[in-house]
Structure formats: C-alpha cells, structure tokens
Amino acid sequence: MSRFELMDTAPTPERAILVGVDWRSDGWPIERSLDELERLADTAGAGTVARLTQQLDRPVPKSYIGSGKVEELKGFVQRLDADVVIFDDDLSPSQQSYLERALGEPTKVIDRTALILDIFGLHARTREGRLQVQLAQLQYLLPRLRGMWSHLAKEQTRGGIGSRFGQGESQLEIDRRMIRNRIAQLRHELREVEKRRDVQSKKRNDSQTFRIALAGYTNAGKSSLLNQLCGPSVLAQDKLFATLDPTTRSLSLPGGRNVTITDTVGFIQKLPHGLVEAFKSTLSEVRDADLILRVVDISDADYPRHVDAVEHVLDEVGAAEQPAVTVYNKIDRLDPSEVESLRRREPEAVFFSAVSGEGKEELLNRIIHEASACDAPISCEIPYREGLLLSSIRTQGNILTEEYLEDRIRLVCKVPRHIAARVKPYVTE
Ligand SMILES: Nc1nc2c(ncn2[C@@H]2O[C@H](COP(=O)(O)OP(=O)(O)OP(=O)(O)O)[C@@H](O)[C@H]2O)c(=O)[nH]1
Ligand SMILES: [Mg+2]
C-alpha cells in the first residue's frame with residue numbers, strides 16, 4: 001500500500017474565511033468568483049464564516065494583499081475563530097508561508113488550487129484517478145515543503161483541507177528527495193495505466209464505434225445527461241467535481257446504430273495547470289472522441305464565462321478543434337420565451353433538460369446526423385511525408401483497403417469529420 005494514500009473525509013467541518021482580490025479588470029466579478037470558492041469550500045467540508053475583498057492593480061509581492069488588509073484579516077481570524085483562510089487566486093509558496101506566520105498559529109492559509117486538489121483527492125475513486133491526483137498534489141507540495149513542515153507536524157491535531165496531502169508520512173520521513181522519487185514513481189505507474197488505456201481505446205477504435213465525449217463546466221449536468229440518455233447509473237450531484245473518473249456507456253440510437261458516451265471530469269475557471277497536466281490521459285478521452293458534446297448550464301447567470309473557461313481547457317488538452325455540438329442544459333429552469341430567443345440566436349445549439357428529458361429527441365437526432373457524417377468511405381492518395389495525417393487515419397479512422405505506391409499510399413477509408421477535412425486535398429474521386 002502506498003504511504004501517500006489519500007484520506008476520504010474531513011474530521012470536522014472547518015471554519016473558513018475567503019479572501020479575494022478585485023483586479024478591476026473585466027474578468028469575473030469578485031463576488032461571483034467567491035460564490036464559487038464558497039461552494040468549493042463546502043464540497044471540501046469547510047463552512048464559510050466571512051469574506052474579505054480588496055481592490056488592487058497587482059499583488060503585493062510579500063503578502064499578496066496589502067499590509068493593512070493582512071491586519072484586518074488577522075482580526076477576523078481571531079474574532080471568528082477561523083481554522084483556514086482560502087485565497088481565490090494562487091499564492092506563491094513564500095506568500096503562503098508569510099501569511100501563515102502573520103496570522104499566527106494554528107491558522108492554515110491555502111489557495112484555490114490547494115482546495116481543488118483537496119476535493120479531487122476526496123473524489124478520486126479509480127487507481128488512475130488517485131495516481132493523477134497524488135501526482136498533482138505532490139507537485140504542488142514540493143516547492144512549499146519548507147512552509148508545510150509545520151502543517152505535517154501538526155497534521156494529527158489540525159487535519160482538514162490542505163493537510164491531507166502526503167497523508168500517512170511522518171515529518172522526518174518527508175524530504176524533497178523522497179517526494180521527487182515518489183513523483184517519478186507515480187509518473188511511471190501512470191504511464192503503465194495509460195498504456196493499458198491506450199490498448200482499450202484502440203480496441204474501441206477498431207470496433208468502429210462512434211465515440212462521444214461530454215465536456216463542460218463542473219455541475220453543468222454532464223452526468224445527468226448521460227443518465228437521461230443511457231438510463232441512470234452514474235452519480236449526479238449538486239456538488240462541484242462530483243465526477244472525476246471517466247465512465248463510458250454505450251447507447252443504442254433510434255435506427256439501431258451504437259455509439260459510446262464518455263462522462264468525465266468537469267472544468268472550472270483557474271483550473272490548476274498541474275492538474276490538467278496530471279489528468280492528460282483522462283482528458284484524452286475528450287481529445288480522441290469523434291464528437292464532443294459541450295454541456296452548458298444555461299440557467300447559470302455566469303454561463304458565458306463557463307463557456308470561456310471550458311474553451312480554455314479544451315485548448316490546453318488539444319481538443320478545441322474537435323467536432324462539437326453545444327448542448328444548453330437545464331432549460332426546465334428557464335422561461336419558454338427565453339429559450340426561444342436563445343434558440344434564434346444560436347440555431348446550431350441543442351436545448352435540453354437532463355431532468356425533464358425535454359429536447360432529448362432533438363439531441364439524439366443531432367447525434368445520428370453527426371455520426372452518419374463519418375460513414376461515407378473516402379478514396380485518397382496520401383504522400384508518405386504526411387506521417388501525422390496517416391497516423392491520425394490509422395488511430396481514429398477505419399482503413400478499408402490500402403496499397404503502397406512509390407511515394408504515397410492509396411487508401412479507401414472512413415474517418416471522422418475533422419480528419420476528413422485534412423484528407424480533402426488528397427481525395428482522388
Ligand atoms: N433543473 C435541472 N437540474 C439539473 C439538470 N441537469 C442537471 N441538473 C442538476 O445539476 C446538478 C449537477 O448535475 P451533474 O449531472 O452532477 O453535473 P456534472 O456536470 O456531472 O458535474 P460534475 O461531475 O460535478 O462536474 C445536480 O444537482 C443535477 O440534478 C437539468 O436539466 N435541470
Ligand atoms: Mg458529473
């Protein structure tokens with residue numbers, strides 16, 4: 001058993017103070033961002049007892065917020081008996097340890113990234129998911145080791161968010177070298193798991209099944225959509241990051257065609273980069289799909305920002321150009337007239353409710369339409385120098401015949417639409 005096992009539950013609800021900086025840019029309004037941070041804290045088992053905000057043009061290098069604010073924060077911590085202070089933006093390791101010293105024992109100071117990593121640790125179930133989260137947690141921990149020594153020493157008494165990282169190690173055993181070794185070992189284990197996943201996904205490719213992946217902001221209703229289409233089976237909850245590990249279900253479409261749908265981890269603004277990195281193989285389910293359903297909670301006033309955040313992550317995993325259909329979910333919460341006017345504005349999108357099933361037929365028809373676009377065989381002659389294209393056709397398409405010529409390969413193949421566009425210059429009939 002690993003000595004870096006993750007712990008499942010927080011011992012007692014912690015009392016949290018949230019701190020946000022209003023950058024006066026046109027990003028997210030700070031109160032909205034803090035609403036989200038409060039939900040994240042709640043998911044991790046902490047109750048919010050106060051919020052503190054400050055307007056700044058740029059962070060103060062030493063303490064992130066101004067020194068007057070630090071004093072104000074200290075007063076809040078003492079009056080409200082807070083256990084943890086959570087910053088909405090990333091703190092550098094030195095800012096984090098400066099703030100901990102300034103606020104005094106035993107208050108913990110963490111940032112949004114640590115909070116998200118903590119939630120991921122609580123929700124990861126499969127071996128791959130746990131390895132991915134452990135890797136991201138240790139990468140976060142490594143530069144903070146000095147500041148965290150005190151945490152780890154007091155882990156028995158304090159517990160809670162942030163202290164669950166590296167759980168199970170005694171203070172003396174942990175040093176940078178050990179963590180680096182463990183990171184290397186985790187990377188190795190993950191590569192092994194990924195190899196197995198590649199074999200599985202190659203099998204799915206070979207079976208020619210049209211593959212759909214769900215992508216969207218956390219809590220958009222991806223798991224509910226899967227349940228609505230395939231029958232209830234996965235956990236859908238009003239919690240952030242309820243789903244971490246990918247689930248693939250098969251769906252028999254009207255007309256008889258079988259497709260698979262994969263539900264996976266949701267996205268969020270300021271998703272820690274290390275986490276995206278660690279979850280690359282999970283997210284490859286999205287990148288390699290024939291079609292992405294971009295699920296959006298249209299009832300959330302912030303949905304345009306959610307759409308941007310999702311776009312950003314898809315870009316990061318190389319899936320931004322994949323064929324996609326936008327599914328506006330939760331229309332049962334809107335006025336029908338509102339839905340109509342949105343529909344006029346975005347005729348390409350599907351409007352849906354995973355709870356009432358409204359729009360289900362439209363969604364299924366759309367999937368049938370997209371899937372049938374890959375059905376027609378293409379005849380083409382592709383030069384050997386197009387190695388990348390050839391390998392995409394091999395891995396994501398289906399080759400019916402092939403003939404090797406001197407400088408090119410003659411193929412009859414079926415490929416997903418995004419590859420068809422790249423094959424177009426070489427089509428022969
Ligand atoms: N009213 C309404 N609620 C919905 C709908 N779809 C989902 N929900 C609710 O929204 C919440 C989140 O749904 P999930 O399906 O868990 O969302 P998710 O996108 O899988 O979220 P994560 O896995 O946490 O990223 C749950 O409480 C659902 O019941 C819908 O169409 N209408
Ligand atoms: Mg889910």
# chains A, B, ... in the order shown; residues from 1 in each chain; ligands from 1
call {"tool": "residues_near_ligand", "arguments": {"ligand": "ligand 1", "cutoff": "9 Å", "atoms": "only C-alpha atoms and all ligand atoms", "output": "PyMOL selection string"}}
result
chain A and resi 214-227+234-244+263-268+295-297+299+328-333+352-358
call {"tool": "select_by_dssp", "arguments": {"residues": "stretch 64-304 of chain A", "states": "strand (DSSP E)", "output": "NGL selection string"}}
result
:A and (84-87 or 108-111 or 210-216 or 247-252 or 258-263 or 291-297)
call {"tool": "residues_around", "arguments": {"residues": "A:Thr43", "least_positions_apart": "3", "cutoff": "12 Å", "atoms": "only C-alpha atoms", "output": "PDB file with N, CA and C atoms, in the first residue's frame"}}
result
ATOM      1  N   THR A   9     -12.254  11.559   4.354  1.00  0.00           N
ATOM      2  CA  THR A   9     -13.175  12.523   4.936  1.00  0.00           C
ATOM      3  C   THR A   9     -12.459  13.515   5.845  1.00  0.00           C
ATOM      4  N   ALA A  10     -13.025  14.688   5.927  1.00  0.00           N
ATOM      5  CA  ALA A  10     -12.505  15.671   6.878  1.00  0.00           C
ATOM      6  C   ALA A  10     -13.101  15.335   8.234  1.00  0.00           C
ATOM      7  N   PRO A  13     -16.189  19.848  10.368  1.00  0.00           N
ATOM      8  CA  PRO A  13     -16.284  20.978   9.440  1.00  0.00           C
ATOM      9  C   PRO A  13     -15.333  22.082   9.904  1.00  0.00           C
ATOM     10  N   GLU A  14     -14.598  22.636   8.971  1.00  0.00           N
ATOM     11  CA  GLU A  14     -13.685  23.708   9.328  1.00  0.00           C
ATOM     12  C   GLU A  14     -14.364  25.048   9.112  1.00  0.00           C
ATOM     13  N   GLU A  36     -18.337  30.918  -5.978  1.00  0.00           N
ATOM     14  CA  GLU A  36     -17.863  29.616  -6.445  1.00  0.00           C
ATOM     15  C   GLU A  36     -16.865  29.012  -5.451  1.00  0.00           C
ATOM     16  N   LEU A  37     -15.975  29.887  -4.942  1.00  0.00           N
ATOM     17  CA  LEU A  37     -14.985  29.419  -3.959  1.00  0.00           C
ATOM     18  C   LEU A  37     -15.694  28.878  -2.711  1.00  0.00           C
ATOM     19  N   GLU A  38     -16.789  29.525  -2.334  1.00  0.00           N
ATOM     20  CA  GLU A  38     -17.551  29.074  -1.166  1.00  0.00           C
ATOM     21  C   GLU A  38     -18.136  27.678  -1.412  1.00  0.00           C
ATOM     22  N   ARG A  39     -18.618  27.453  -2.637  1.00  0.00           N
ATOM     23  CA  ARG A  39     -19.146  26.126  -2.970  1.00  0.00           C
ATOM     24  C   ARG A  39     -18.038  25.078  -2.952  1.00  0.00           C
ATOM     25  N   LEU A  40     -16.870  25.482  -3.442  1.00  0.00           N
ATOM     26  CA  LEU A  40     -15.731  24.560  -3.412  1.00  0.00           C
ATOM     27  C   LEU A  40     -15.374  24.223  -1.962  1.00  0.00           C
ATOM     28  N   ALA A  46     -15.723  22.585   4.427  1.00  0.00           N
ATOM     29  CA  ALA A  46     -15.498  23.776   5.253  1.00  0.00           C
ATOM     30  C   ALA A  46     -16.665  24.749   5.110  1.00  0.00           C
ATOM     31  N   GLY A  47     -17.081  25.328   6.213  1.00  0.00           N
ATOM     32  CA  GLY A  47     -18.156  26.326   6.189  1.00  0.00           C
ATOM     33  C   GLY A  47     -17.528  27.712   6.150  1.00  0.00           C
ATOM     34  N   THR A  48     -18.090  28.583   5.305  1.00  0.00           N
ATOM     35  CA  THR A  48     -17.523  29.929   5.195  1.00  0.00           C
ATOM     36  C   THR A  48     -18.103  30.823   6.282  1.00  0.00           C
ATOM     37  N   LEU A 115      -7.320  23.900  -2.665  1.00  0.00           N
ATOM     38  CA  LEU A 115      -8.700  23.495  -2.376  1.00  0.00           C
ATOM     39  C   LEU A 115      -9.201  22.513  -3.436  1.00  0.00           C
ATOM     40  N   ILE A 116      -8.952  22.836  -4.696  1.00  0.00           N
ATOM     41  CA  ILE A 116      -9.398  21.959  -5.778  1.00  0.00           C
ATOM     42  C   ILE A 116      -8.665  20.615  -5.709  1.00  0.00           C
ATOM     43  N   LEU A 117      -7.370  20.676  -5.433  1.00  0.00           N
ATOM     44  CA  LEU A 117      -6.605  19.419  -5.310  1.00  0.00           C
ATOM     45  C   LEU A 117      -7.156  18.571  -4.179  1.00  0.00           C
ATOM     46  N   ASP A 118      -7.565  19.238  -3.099  1.00  0.00           N
ATOM     47  CA  ASP A 118      -8.124  18.524  -1.959  1.00  0.00           C
ATOM     48  C   ASP A 118      -9.419  17.810  -2.346  1.00  0.00           C
ATOM     49  N   ILE A 119     -10.285  18.530  -3.062  1.00  0.00           N
ATOM     50  CA  ILE A 119     -11.562  17.938  -3.486  1.00  0.00           C
ATOM     51  C   ILE A 119     -11.312  16.766  -4.427  1.00  0.00           C
ATOM     52  N   PHE A 120     -10.378  16.952  -5.335  1.00  0.00           N
ATOM     53  CA  PHE A 120     -10.051  15.859  -6.245  1.00  0.00           C
ATOM     54  C   PHE A 120      -9.586  14.640  -5.453  1.00  0.00           C
ATOM     55  N   GLY A 121      -8.798  14.900  -4.410  1.00  0.00           N
ATOM     56  CA  GLY A 121      -8.332  13.794  -3.568  1.00  0.00           C
ATOM     57  C   GLY A 121      -9.486  13.071  -2.908  1.00  0.00           C
ATOM     58  N   LEU A 122     -10.491  13.831  -2.487  1.00  0.00           N
ATOM     59  CA  LEU A 122     -11.642  13.218  -1.823  1.00  0.00           C
ATOM     60  C   LEU A 122     -12.500  12.420  -2.801  1.00  0.00           C
ATOM     61  N   HIS A 123     -12.540  12.863  -4.080  1.00  0.00           N
ATOM     62  CA  HIS A 123     -13.478  12.254  -5.021  1.00  0.00           C
ATOM     63  C   HIS A 123     -12.873  11.189  -5.937  1.00  0.00           C
ATOM     64  N   ILE A 161      -8.575  20.557   5.180  1.00  0.00           N
ATOM     65  CA  ILE A 161      -8.112  20.896   3.838  1.00  0.00           C
ATOM     66  C   ILE A 161      -6.622  21.206   3.833  1.00  0.00           C
ATOM     67  N   GLN A 237     -24.767  14.886  -8.839  1.00  0.00           N
ATOM     68  CA  GLN A 237     -24.936  15.532  -7.541  1.00  0.00           C
ATOM     69  C   GLN A 237     -24.777  17.019  -7.660  1.00  0.00           C
ATOM     70  N   ASP A 238     -25.444  17.732  -6.765  1.00  0.00           N
ATOM     71  CA  ASP A 238     -25.271  19.172  -6.743  1.00  0.00           C
ATOM     72  C   ASP A 238     -24.011  19.519  -5.950  1.00  0.00           C
ATOM     73  N   LYS A 239     -22.917  18.978  -6.383  1.00  0.00           N
ATOM     74  CA  LYS A 239     -21.614  19.211  -5.759  1.00  0.00           C
ATOM     75  C   LYS A 239     -20.653  19.506  -6.887  1.00  0.00           C
ATOM     76  N   LEU A 240     -19.609  20.281  -6.604  1.00  0.00           N
ATOM     77  CA  LEU A 240     -18.620  20.519  -7.646  1.00  0.00           C
ATOM     78  C   LEU A 240     -17.688  19.311  -7.736  1.00  0.00           C
ATOM     79  N   PHE A 241     -17.319  18.964  -8.938  1.00  0.00           N
ATOM     80  CA  PHE A 241     -16.436  17.821  -9.188  1.00  0.00           C
ATOM     81  C   PHE A 241     -16.969  16.514  -8.592  1.00  0.00           C
ATOM     82  N   ALA A 242     -18.283  16.275  -8.785  1.00  0.00           N
ATOM     83  CA  ALA A 242     -18.851  15.002  -8.344  1.00  0.00           C
ATOM     84  C   ALA A 242     -18.227  13.859  -9.143  1.00  0.00           C
TER      85      ALA A 242
END
call {"tool": "residues_around", "arguments": {"residues": "A:Ser92", "least_positions_apart": "4", "cutoff": "12 Å", "atoms": "only C-alpha atoms", "output": "ChimeraX atom specification"}}
result
/A:59-64,87,96-99,109-114,140-141,143-144,147
call {"tool": "residues_around", "arguments": {"residues": "A:Asp288", "least_positions_apart": "3", "cutoff": "10 Å", "atoms": "only C-alpha atoms", "output": "count of residues only"}}
result
16
call {"tool": "closest_residue", "arguments": {"among": "A:Val19, A:Val317, A:Ala421, A:Ala278", "to": "A:Ile393", "atoms": "only C-alpha atoms"}}
result
A:Ala421
call {"tool": "closest_residue", "arguments": {"among": "A:Ala50, A:Cys413, A:Lys360, A:Ser233", "to": "ligand 2", "atoms": "only C-alpha atoms and all ligand atoms"}}
result
A:Ser233
call {"tool": "closest_residue", "arguments": {"among": "A:Arg58, A:Gln132, A:Asp81, A:Thr247", "to": "ligand 2", "atoms": "only C-alpha atoms and all ligand atoms"}}
result
A:Thr247
call {"tool": "closest_residue", "arguments": {"among": "A:Ile17, A:Leu400, A:Leu131, A:Val423", "to": "A:Val77", "atoms": "only C-alpha atoms"}}
result
A:Ile17
call {"tool": "atom_distance", "arguments": {"atom1": "atom CA of A:Asp315", "atom2": "atom CA of A:Ile419"}}
result
17.6 Å
call {"tool": "residues_around", "arguments": {"residues": "stretch 405-410 of chain A", "least_positions_apart": "2", "cutoff": "7 Å", "atoms": "only C-alpha atoms", "output": "list of chain:residue names"}}
result
A:Cys380, A:Glu381, A:Ile382, A:Pro383, A:Tyr384, A:Glu402, A:Glu403
call {"tool": "closest_residue", "arguments": {"among": "A:His306, A:Ser281, A:Leu91, A:Thr262", "to": "ligand 2", "atoms": "only C-alpha atoms and all ligand atoms"}}
result
A:Thr262
